[in-house]
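Shown next: data.csv, given as CSV, C-alpha atoms and all ligand atoms.
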```csv
chain,number,residue,atom,x,y,z
A,513,MET,CA,-20.5,6.9,6.7
A,514,ARG,CA,-19.2,4.2,9.1
A,515,PRO,CA,-18.0,0.9,7.5
A,516,THR,CA,-19.3,-2.4,8.8
A,517,TRP,CA,-17.6,-5.7,8.2
A,518,THR,CA,-19.1,-9.0,7.5
A,519,SER,CA,-17.6,-12.5,7.8
A,520,HIS,CA,-17.8,-13.5,4.1
A,521,PRO,CA,-14.8,-15.4,2.9
A,522,HIS,CA,-12.1,-13.6,0.9
A,523,PRO,CA,-12.2,-13.7,-2.8
A,524,GLU,CA,-9.4,-16.1,-3.6
A,525,HIS,CA,-7.8,-14.1,-6.3
A,526,ALA,CA,-5.6,-11.0,-6.3
A,527,PRO,CA,-6.8,-7.8,-8.0
A,528,ARG,CA,-7.8,-8.1,-11.5
A,529,ALA,CA,-5.5,-7.9,-14.5
A,530,ARG,CA,-5.1,-4.3,-15.7
A,531,SER,CA,-6.9,-5.1,-18.9
A,532,ASN,CA,-10.3,-5.7,-17.4
A,533,LYS,CA,-10.1,-3.6,-14.3
A,534,GLY,CA,-12.6,-1.0,-15.6
A,535,ARG,CA,-15.3,-3.5,-16.2
A,536,ARG,CA,-14.9,-5.2,-12.8
A,537,ALA,CA,-14.6,-2.0,-10.9
A,538,GLY,CA,-17.7,-0.8,-12.7
A,539,ASN,CA,-19.7,-3.9,-11.7
A,540,TYR,CA,-18.6,-3.5,-8.2
A,541,VAL,CA,-19.8,0.1,-7.9
A,542,LEU,CA,-23.1,-1.0,-9.2
A,543,HIS,CA,-23.4,-3.7,-6.7
A,544,LEU,CA,-22.8,-1.2,-3.9
A,545,ARG,CA,-25.5,1.0,-5.2
A,546,GLN,CA,-28.0,-1.9,-5.4
A,547,GLN,CA,-27.4,-2.6,-1.7
A,548,SER,CA,-27.9,0.9,-0.7
A,549,PRO,CA,-29.1,2.2,1.8
A,550,ILE,CA,-28.5,-1.0,3.9
A,551,MET,CA,-24.8,-1.1,3.0
A,552,VAL,CA,-23.2,-4.1,4.7
A,553,GLN,CA,-19.9,-4.6,3.1
A,554,LYS,CA,-16.3,-5.4,3.6
A,555,LEU,CA,-13.9,-2.5,3.6
A,556,VAL,CA,-12.8,-1.6,0.1
A,557,PHE,CA,-9.0,-1.4,-0.5
A,558,VAL,CA,-8.4,0.4,-3.8
A,559,THR,CA,-5.1,-0.9,-5.2
A,560,GLY,CA,-3.7,-2.3,-8.4
A,561,ASN,CA,-0.9,-4.1,-6.6
A,562,ALA,CA,-1.4,-7.8,-5.9
A,563,ASN,CA,1.6,-8.0,-3.6
A,564,LYS,CA,0.5,-5.2,-1.4
A,565,LEU,CA,-2.9,-6.8,-1.0
A,566,LYS,CA,-1.4,-10.1,-0.2
A,567,GLU,CA,0.8,-8.6,2.5
A,568,VAL,CA,-1.9,-6.5,4.0
A,569,ARG,CA,-4.2,-9.5,4.2
A,570,GLN,CA,-1.4,-11.6,5.9
A,571,ILE,CA,-0.8,-8.8,8.4
A,572,LEU,CA,-4.5,-8.4,9.1
A,573,ALA,CA,-5.0,-12.1,9.5
A,574,ASP,CA,-2.7,-12.0,12.6
A,575,GLY,CA,-4.9,-10.2,15.1
A,576,GLN,CA,-8.4,-8.9,15.1
A,577,PRO,CA,-9.8,-9.6,11.7
A,578,ILE,CA,-10.7,-6.9,9.2
A,579,GLU,CA,-11.8,-8.2,5.8
A,580,LEU,CA,-11.0,-6.4,2.6
A,581,ASN,CA,-12.5,-6.2,-0.8
A,582,ALA,CA,-9.9,-5.2,-3.4
A,583,ILE,CA,-10.7,-3.0,-6.3
A,584,ASP,CA,-8.2,-2.0,-8.9
A,585,LEU,CA,-9.0,1.5,-10.2
A,586,ASP,CA,-6.7,3.6,-12.2
A,587,LEU,CA,-6.4,6.7,-10.0
A,588,PRO,CA,-4.3,9.7,-10.6
A,589,GLU,CA,-1.3,10.0,-8.3
A,590,ILE,CA,-0.3,13.7,-8.1
A,591,GLN,CA,3.1,15.1,-7.5
A,592,GLY,CA,3.8,16.3,-4.0
A,593,THR,CA,4.8,15.0,-0.6
A,594,THR,CA,3.9,11.5,0.4
A,595,GLN,CA,1.0,12.9,2.4
A,596,GLU,CA,-0.4,15.0,-0.4
A,597,VAL,CA,-0.2,12.1,-2.8
A,598,ALA,CA,-2.0,9.8,-0.4
A,599,ILE,CA,-4.7,12.3,0.5
A,600,GLU,CA,-5.6,13.1,-3.1
A,601,LYS,CA,-5.6,9.5,-4.2
A,602,CYS,CA,-7.9,8.4,-1.4
A,603,LYS,CA,-10.3,11.3,-1.8
A,604,ARG,CA,-10.7,10.4,-5.5
A,605,ALA,CA,-11.1,6.7,-4.7
A,606,ALA,CA,-13.9,7.5,-2.3
A,607,GLU,CA,-15.7,9.6,-4.9
A,608,VAL,CA,-15.4,7.0,-7.5
A,609,ILE,CA,-16.7,4.1,-5.4
A,610,GLY,CA,-19.2,6.2,-3.6
A,611,GLY,CA,-18.3,5.0,-0.1
A,612,PRO,CA,-15.6,4.4,2.5
A,613,CYS,CA,-12.3,3.0,1.3
A,614,ILE,CA,-8.6,2.7,2.0
A,615,THR,CA,-5.7,3.3,-0.3
A,616,GLU,CA,-1.9,2.8,0.2
A,617,ASP,CA,1.1,4.5,-1.1
A,618,THR,CA,4.6,3.3,-0.7
A,619,ALA,CA,7.7,5.5,-0.9
A,620,LEU,CA,11.4,4.5,-0.9
A,621,CYS,CA,13.5,7.4,0.3
A,622,PHE,CA,17.3,7.7,0.0
A,623,GLU,CA,19.0,9.7,2.7
A,624,ALA,CA,21.7,11.0,0.3
A,625,LEU,CA,19.0,12.4,-1.9
A,626,ASN,CA,17.0,14.1,0.9
A,627,GLY,CA,14.2,11.5,0.6
A,628,LEU,CA,14.0,11.1,-3.1
A,629,PRO,CA,12.8,9.1,-5.1
A,630,GLY,CA,10.2,8.9,-2.3
A,631,PRO,CA,6.7,8.5,-3.8
A,632,TYR,CA,8.2,8.3,-7.3
A,633,ILE,CA,10.1,5.1,-6.6
A,634,LYS,CA,7.7,3.1,-8.9
A,635,PHE,CA,9.0,5.0,-11.9
A,636,PHE,CA,12.6,4.9,-10.9
A,637,LEU,CA,12.4,1.2,-10.3
A,638,ARG,CA,10.7,0.6,-13.6
A,639,GLU,CA,13.2,2.7,-15.6
A,640,LEU,CA,16.4,1.8,-13.7
A,641,GLY,CA,15.9,-1.6,-12.2
A,642,HIS,CA,17.7,-2.8,-9.0
A,643,ASP,CA,21.2,-2.1,-10.4
A,644,GLY,CA,20.3,1.4,-11.4
A,645,LEU,CA,18.9,2.2,-7.9
A,646,ASN,CA,22.3,1.2,-6.5
A,647,ARG,CA,24.2,3.2,-9.1
A,648,MET,CA,22.1,6.3,-8.3
A,649,LEU,CA,23.9,6.4,-5.0
A,650,ALA,CA,27.4,5.6,-6.4
A,651,GLY,CA,28.7,9.2,-5.7
A,652,PHE,CA,27.4,9.3,-2.2
A,653,PRO,CA,28.9,7.9,1.0
A,654,SER,CA,25.5,7.2,2.6
A,655,LYS,CA,23.4,4.3,1.3
A,656,ALA,CA,20.9,4.8,4.1
A,657,ALA,CA,17.3,4.6,3.1
A,658,TRP,CA,13.8,4.2,4.6
A,659,ALA,CA,10.7,2.6,3.4
A,660,LEU,CA,7.5,4.6,4.1
A,661,CYS,CA,4.0,3.3,3.9
A,662,THR,CA,1.1,5.7,4.0
A,663,PHE,CA,-2.4,4.3,4.4
A,664,ALA,CA,-5.3,6.6,3.9
A,665,TYR,CA,-8.8,6.0,5.0
A,666,CYS,CA,-11.7,8.1,3.6
A,667,ALA,CA,-15.2,7.7,5.1
A,668,GLY,CA,-16.8,8.7,1.8
A,669,PRO,CA,-17.1,11.3,-0.8
A,670,GLY,CA,-16.4,14.8,0.6
A,671,SER,CA,-14.7,13.5,3.8
A,672,ALA,CA,-11.1,14.3,4.6
A,673,PRO,CA,-8.8,11.2,4.5
A,674,VAL,CA,-7.0,10.2,7.6
A,675,LEU,CA,-3.4,9.0,7.2
A,676,PHE,CA,-1.5,6.2,8.9
A,677,GLU,CA,2.3,6.1,8.3
A,678,GLY,CA,4.8,3.3,8.9
A,679,ARG,CA,8.5,3.6,8.5
A,680,THR,CA,11.3,1.0,8.4
A,681,ASP,CA,14.9,2.2,8.2
A,682,GLY,CA,17.6,0.4,6.2
A,683,ARG,CA,20.0,0.8,3.3
A,684,ILE,CA,20.3,0.2,-0.4
A,685,VAL,CA,22.4,-2.8,-1.3
A,686,PRO,CA,23.1,-4.8,-4.5
A,687,ALA,CA,20.1,-7.2,-5.1
A,688,ARG,CA,20.0,-10.2,-2.9
A,689,GLY,CA,17.2,-12.8,-2.5
A,690,GLN,CA,14.5,-14.3,-4.6
A,691,GLY,CA,11.8,-11.7,-3.9
A,692,LYS,CA,9.5,-10.8,-6.7
A,693,PHE,CA,8.0,-7.8,-5.1
A,694,GLY,CA,9.4,-4.4,-6.4
A,695,TRP,CA,12.5,-3.2,-4.7
A,696,ASP,CA,12.5,-5.9,-2.0
A,697,PRO,CA,15.9,-7.4,-3.1
A,698,VAL,CA,17.8,-4.0,-2.7
A,699,PHE,CA,16.4,-2.9,0.6
A,700,GLU,CA,18.2,-4.3,3.6
A,701,ALA,CA,16.3,-3.6,6.8
A,702,GLU,CA,18.2,-2.2,9.7
A,703,ASP,CA,19.5,-4.7,12.4
A,704,THR,CA,18.5,-7.8,10.3
A,705,GLY,CA,21.4,-8.2,7.8
A,706,LYS,CA,18.7,-9.3,5.3
A,707,THR,CA,17.0,-7.7,2.4
A,708,TYR,CA,13.2,-7.9,2.4
A,709,ALA,CA,13.6,-10.4,-0.4
A,710,GLU,CA,15.7,-12.7,1.8
A,711,MET,CA,13.1,-12.8,4.6
A,712,GLU,CA,10.2,-15.2,5.0
A,713,PRO,CA,6.9,-13.3,4.7
A,714,GLU,CA,6.4,-13.8,8.4
A,715,GLN,CA,9.6,-11.9,9.2
A,716,LYS,CA,9.0,-9.1,6.7
A,717,ASN,CA,5.4,-8.7,7.9
A,718,LYS,CA,6.5,-8.2,11.5
A,719,LEU,CA,8.9,-5.3,10.8
A,720,SER,CA,8.0,-3.8,7.5
A,721,HIS,CA,6.9,-0.2,6.8
A,722,ARG,CA,3.5,-1.8,5.7
A,723,TYR,CA,3.1,-3.7,9.0
A,724,ARG,CA,3.7,-0.6,11.0
A,725,ALA,CA,1.2,1.4,9.0
A,726,VAL,CA,-1.4,-1.4,9.0
A,727,ASP,CA,-1.1,-1.7,12.8
A,728,LYS,CA,-2.1,2.0,13.2
A,729,LEU,CA,-4.9,1.7,10.6
A,730,ARG,CA,-6.3,-1.4,12.3
A,731,THR,CA,-6.5,0.3,15.7
A,732,TYR,CA,-8.3,3.2,14.1
A,733,LEU,CA,-10.8,1.1,12.2
A,734,LEU,CA,-11.6,-1.0,15.2
A,735,SER,CA,-12.2,2.1,17.3
A,736,LEU,CA,-14.7,3.3,14.6
A,737,GLU,CA,-16.4,0.0,14.7
A,738,GLY,CA,-17.0,0.3,18.4
A,739,GLN,CA,-18.7,3.7,18.1
B,801,LIG,O1,7.0,-3.7,0.3
B,801,LIG,C1,7.4,-3.4,-0.8
B,801,LIG,N1,8.5,-4.0,-1.3
B,801,LIG,C2,9.0,-3.8,-2.5
B,801,LIG,N2,8.5,-3.0,-3.4
B,801,LIG,C3,7.3,-2.4,-3.0
B,801,LIG,C4,6.8,-2.5,-1.7
B,801,LIG,N3,5.6,-1.8,-1.6
B,801,LIG,C5,5.5,-1.2,-2.8
B,801,LIG,N4,6.5,-1.5,-3.6
B,801,LIG,C6,6.7,-0.9,-4.9
B,801,LIG,C7,5.6,-1.1,-5.9
B,801,LIG,C8,5.7,0.2,-6.7
B,801,LIG,O2,6.7,0.0,-7.7
B,801,LIG,C9,6.2,1.2,-5.7
B,801,LIG,C10,5.1,1.9,-4.9
B,801,LIG,O3,4.2,2.6,-5.7
B,801,LIG,P1,2.7,2.7,-5.4
B,801,LIG,O4,2.0,3.7,-6.2
B,801,LIG,O5,2.5,2.8,-3.9
B,801,LIG,O6,2.2,1.2,-5.7
B,801,LIG,P2,1.3,0.6,-7.0
B,801,LIG,O7,1.1,1.7,-8.0
B,801,LIG,O8,2.0,-0.6,-7.4
B,801,LIG,O9,0.0,0.2,-6.3
B,801,LIG,P3,-1.3,1.1,-6.0
B,801,LIG,O10,-2.3,0.8,-7.0
B,801,LIG,O11,-1.8,0.7,-4.6
B,801,LIG,O12,-0.9,2.6,-6.1
B,801,LIG,O13,7.0,0.5,-4.8
B,802,MG,MG,0.3,3.5,-7.5
```

Would you put the structure from the file into structure tokens?
Amino acid sequence: MRPTWTSHPHPEHAPRARSNKGRRAGNYVLHLRQQSPIMVQKLVFVTGNANKLKEVRQILADGQPIELNAIDLDLPEIQGTTQEVAIEKCKRAAEVIGGPCITEDTALCFEALNGLPGPYIKFFLRELGHDGLNRMLAGFPSKAAWALCTFAYCAGPGSAPVLFEGRTDGRIVPARGQGKFGWDPVFEAEDTGKTYAEMEPEQKNKLSHRYRAVDKLRTYLLSLEGQ
């Protein structure tokens, strides 16, 4: 199934609070079914992370527009490589919503640890905090790290997801900056001397792992639209 995009305004708010996501997601699926078979819709971005959504919208706003509807679904994230995690999550998302969708997975990879924590960074950050992430590398000379964003697009239930990866190199440093987004304060992007948290959104959104992945995704989606 090929997605089509309309020019309706964005919903003003970020994805729903965890507590009522089931209800809202359920309503939305119903809404899609009611519209079927003439399914004119914005592309569905399945994520529970309001900061991701905000950045993706900012990145997409600068260029040919693609509008997104966000849905927060609690989807399993398997263990495996970043690609395996992304594929399984997106497949499942397309089954649940019954149509095309995108998902995004972000990994933070430490060179000294051969790429770990990678897709498990969420749990390391939650348990160890910024200081703990630094201390994990205390015994290693290299503080080098890279942020890896993997977008997945699935055309619908049963279709194989297509992946778009974006990588930004940098290093892990003691927290700097006011950023409220995840590990932004401890990731200093190469050649900038700044952590993501010390950057204005415009700067981060021009060099980030997410920007690089969204750029590839956008090219792909626009090529679909022209078919
Ligand atoms: O640019 C970023 N700058 C700083 N921190 C970031 C960034 N992007 C993701 N993060 C954090 C969020 C989460 O702690 C972990 C990724 O986990 P990840 O599973 O991809 O995100 P999530 O569960 O929050 O949202 P989702 O519902 O889309 O899976 O790294
Ligand atoms: Mg997640």

Quiz item: CA of Leu555 (chain A) and CA of Gln595 (chain A) are how many Å apart?
Solution: 21.5 Å

Could the residues of region 612-645 of chain A that have an atom at most 8 Å from region 675-688 of chain A be listed as JSON lines, each with its closest atom pair and the distance in Å to one decimal, counting only C-alpha atoms and ordered by chain and ascending residue number?
```
{"residue": "A:His642", "atom": "CA", "partner": "A:Ala687", "partner_atom": "CA", "distance": 6.4}
{"residue": "A:Asp643", "atom": "CA", "partner": "A:Pro686", "partner_atom": "CA", "distance": 6.8}
{"residue": "A:Leu645", "atom": "CA", "partner": "A:Ile684", "partner_atom": "CA", "distance": 7.9}
```

Practice problem: Within 12 Å of Leu625 (chain A), counting only C-alpha atoms, which residues show up once you throw out same-chain ones fewer than 2 positions away? Write them as a PyMOL selection string, please. | Solution: chain A and resi 620-623+627-630+645+648-658

Practice problem: Using all atoms listed in the file, find each residue with an atom at most 8 Å away from ligand LIG 801 (chain B) and format the answer as a ChimeraX atom specification. | Solution: /A:558-561,563-564,584-587,589,615-620,631-635,637-638,659,661,693-697,708,720-722

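Distances from A:Val597, A:Val568, A:Arg647, A:Val556 to ligand MG 802 (chain B) were compared using all atoms listed in the file, and the smallest one belongs to A:Val597.
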
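Between ligand MG 802 (chain B) and the candidates A:Ala573, A:Ala624, A:Ile583, A:Ala598, the tightest atom-to-atom separation, counting all atoms listed in the file, involves A:Ala598.
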
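If you measure from each of A:Lys718, A:Lys706, A:Arg569, A:Lys601 to ligand MG 802 (chain B) using all atoms listed in the file, the closest one turns out to be A:Lys601.
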
Quiz item: Between CA of Arg730 (chain A) and CA of Leu572 (chain A), what is the spacing in Å?
Solution: 7.9 Å

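Closest approach to Ala664 (chain A) among A:Glu737, A:Glu600, A:Asp727, A:Glu579: A:Glu600, based on all atoms listed in the file.
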
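Of the listed residues (A:Gly644, A:Pro588, A:Pro713, A:Gly668), A:Pro588 comes nearest to ligand MG 802 (chain B); the distances count all atoms listed in the file.
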
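Straight-line separation from CA of Val698 (chain A) to CA of Leu719 (chain A): 16.2 Å.
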
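Remark: for Ala725 (chain A), the closest of the candidate residues A:Gly575, A:Val674, A:Leu660, A:Lys554 is A:Leu660 (distances computed over all atoms listed in the file).
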
Self-check item: Non-local contacts of Gln570 (chain A) (9 Å; only C-alpha atoms; under 5 positions in same chain excluded) as a ChimeraX atom specification
Solution: /A:565,713-714,717

Self-check item: Cys666 (chain A) environment, 7 Å, all atoms listed in the file, sequence neighbours closer than 6 positions dropped, as a count of residues only
Solution: 9

Where atoms are missing, can you supply N, CA and C atoms for region 663-698 of chain A and output the lot as an mmCIF file, keeping the file's coordinate frame?
```
data_model
loop_
_atom_site.group_PDB
_atom_site.id
_atom_site.type_symbol
_atom_site.label_atom_id
_atom_site.label_comp_id
_atom_site.auth_asym_id
_atom_site.auth_seq_id
_atom_site.Cartn_x
_atom_site.Cartn_y
_atom_site.Cartn_z
ATOM 1 N N PHE A 663 -1.004 4.666 4.592
ATOM 2 C CA PHE A 663 -2.400 4.300 4.400
ATOM 3 C C PHE A 663 -3.274 5.482 4.516
ATOM 4 N N ALA A 664 -4.317 5.541 3.707
ATOM 5 C CA ALA A 664 -5.300 6.600 3.900
ATOM 6 C C ALA A 664 -6.676 5.946 3.987
ATOM 7 N N TYR A 665 -7.462 6.449 4.905
ATOM 8 C CA TYR A 665 -8.800 6.000 5.000
ATOM 9 C C TYR A 665 -9.754 7.191 4.781
ATOM 10 N N CYS A 666 -10.719 6.998 3.898
ATOM 11 C CA CYS A 666 -11.700 8.100 3.600
ATOM 12 C C CYS A 666 -13.078 7.505 3.903
ATOM 13 N N ALA A 667 -13.853 8.225 4.702
ATOM 14 C CA ALA A 667 -15.200 7.700 5.100
ATOM 15 C C ALA A 667 -16.208 7.810 4.018
ATOM 16 N N GLY A 668 -15.915 8.559 2.968
ATOM 17 C CA GLY A 668 -16.800 8.700 1.800
ATOM 18 C C GLY A 668 -16.609 9.946 1.084
ATOM 19 N N PRO A 669 -17.335 10.149 -0.021
ATOM 20 C CA PRO A 669 -17.100 11.300 -0.800
ATOM 21 C C PRO A 669 -17.266 12.607 0.019
ATOM 22 N N GLY A 670 -16.300 13.500 -0.125
ATOM 23 C CA GLY A 670 -16.400 14.800 0.600
ATOM 24 C C GLY A 670 -15.711 14.730 1.977
ATOM 25 N N SER A 671 -15.378 13.534 2.490
ATOM 26 C CA SER A 671 -14.700 13.500 3.800
ATOM 27 C C SER A 671 -13.203 13.604 3.636
ATOM 28 N N ALA A 672 -12.583 14.141 4.659
ATOM 29 C CA ALA A 672 -11.100 14.300 4.600
ATOM 30 C C ALA A 672 -10.457 12.958 4.974
ATOM 31 N N PRO A 673 -9.543 12.471 4.137
ATOM 32 C CA PRO A 673 -8.800 11.200 4.500
ATOM 33 C C PRO A 673 -7.993 11.356 5.726
ATOM 34 N N VAL A 674 -7.890 10.249 6.448
ATOM 35 C CA VAL A 674 -7.000 10.200 7.600
ATOM 36 C C VAL A 674 -5.842 9.295 7.248
ATOM 37 N N LEU A 675 -4.634 9.714 7.647
ATOM 38 C CA LEU A 675 -3.400 9.000 7.200
ATOM 39 C C LEU A 675 -2.798 8.195 8.368
ATOM 40 N N PHE A 676 -2.164 7.082 7.994
ATOM 41 C CA PHE A 676 -1.500 6.200 8.900
ATOM 42 C C PHE A 676 -0.128 5.847 8.296
ATOM 43 N N GLU A 677 0.956 6.265 8.941
ATOM 44 C CA GLU A 677 2.300 6.100 8.300
ATOM 45 C C GLU A 677 3.080 5.018 9.089
ATOM 46 N N GLY A 678 3.831 4.240 8.331
ATOM 47 C CA GLY A 678 4.800 3.300 8.900
ATOM 48 C C GLY A 678 6.094 3.402 8.244
ATOM 49 N N ARG A 679 7.153 3.422 9.034
ATOM 50 C CA ARG A 679 8.500 3.600 8.500
ATOM 51 C C ARG A 679 9.436 2.521 8.942
ATOM 52 N N THR A 680 10.237 1.997 8.028
ATOM 53 C CA THR A 680 11.300 1.000 8.400
ATOM 54 C C THR A 680 12.601 1.559 7.785
ATOM 55 N N ASP A 681 13.631 1.666 8.635
ATOM 56 C CA ASP A 681 14.900 2.200 8.200
ATOM 57 C C ASP A 681 15.782 1.009 7.640
ATOM 58 N N GLY A 682 16.710 1.367 6.770
ATOM 59 C CA GLY A 682 17.600 0.400 6.200
ATOM 60 C C GLY A 682 18.602 0.986 5.289
ATOM 61 N N ARG A 683 19.087 0.191 4.322
ATOM 62 C CA ARG A 683 20.000 0.800 3.300
ATOM 63 C C ARG A 683 19.858 0.047 1.991
ATOM 64 N N ILE A 684 20.343 0.722 0.979
ATOM 65 C CA ILE A 684 20.300 0.200 -0.400
ATOM 66 C C ILE A 684 21.503 -0.665 -0.649
ATOM 67 N N VAL A 685 21.290 -1.893 -1.076
ATOM 68 C CA VAL A 685 22.400 -2.800 -1.300
ATOM 69 C C VAL A 685 22.204 -3.506 -2.692
ATOM 70 N N PRO A 686 23.283 -4.064 -3.262
ATOM 71 C CA PRO A 686 23.100 -4.800 -4.500
ATOM 72 C C PRO A 686 22.086 -5.972 -4.244
ATOM 73 N N ALA A 687 21.295 -6.252 -5.246
ATOM 74 C CA ALA A 687 20.100 -7.200 -5.100
ATOM 75 C C ALA A 687 20.543 -8.507 -4.477
ATOM 76 N N ARG A 688 19.787 -8.913 -3.462
ATOM 77 C CA ARG A 688 20.000 -10.200 -2.900
ATOM 78 C C ARG A 688 18.574 -10.812 -2.546
ATOM 79 N N GLY A 689 18.426 -12.121 -2.824
ATOM 80 C CA GLY A 689 17.200 -12.800 -2.500
ATOM 81 C C GLY A 689 16.269 -12.961 -3.670
ATOM 82 N N GLN A 690 15.296 -13.819 -3.459
ATOM 83 C CA GLN A 690 14.500 -14.300 -4.600
ATOM 84 C C GLN A 690 13.153 -13.467 -4.708
ATOM 85 N N GLY A 691 13.042 -12.419 -3.918
ATOM 86 C CA GLY A 691 11.800 -11.700 -3.900
ATOM 87 C C GLY A 691 11.318 -11.202 -5.247
ATOM 88 N N LYS A 692 10.031 -11.296 -5.451
ATOM 89 C CA LYS A 692 9.500 -10.800 -6.700
ATOM 90 C C LYS A 692 8.733 -9.531 -6.550
ATOM 91 N N PHE A 693 8.803 -8.975 -5.365
ATOM 92 C CA PHE A 693 8.000 -7.800 -5.100
ATOM 93 C C PHE A 693 8.939 -6.545 -5.176
ATOM 94 N N GLY A 694 8.730 -5.761 -6.226
ATOM 95 C CA GLY A 694 9.400 -4.400 -6.400
ATOM 96 C C GLY A 694 10.829 -4.387 -6.009
ATOM 97 N N TRP A 695 11.148 -3.497 -5.096
ATOM 98 C CA TRP A 695 12.500 -3.200 -4.700
ATOM 99 C C TRP A 695 12.942 -4.070 -3.465
ATOM 100 N N ASP A 696 12.171 -5.074 -3.105
ATOM 101 C CA ASP A 696 12.500 -5.900 -2.000
ATOM 102 C C ASP A 696 13.982 -6.402 -1.958
ATOM 103 N N PRO A 697 14.539 -6.827 -3.126
ATOM 104 C CA PRO A 697 15.900 -7.400 -3.100
ATOM 105 C C PRO A 697 16.999 -6.319 -2.807
ATOM 106 N N VAL A 698 16.704 -5.031 -2.938
ATOM 107 C CA VAL A 698 17.800 -4.000 -2.700
ATOM 108 C C VAL A 698 17.600 -3.256 -1.428
#
```
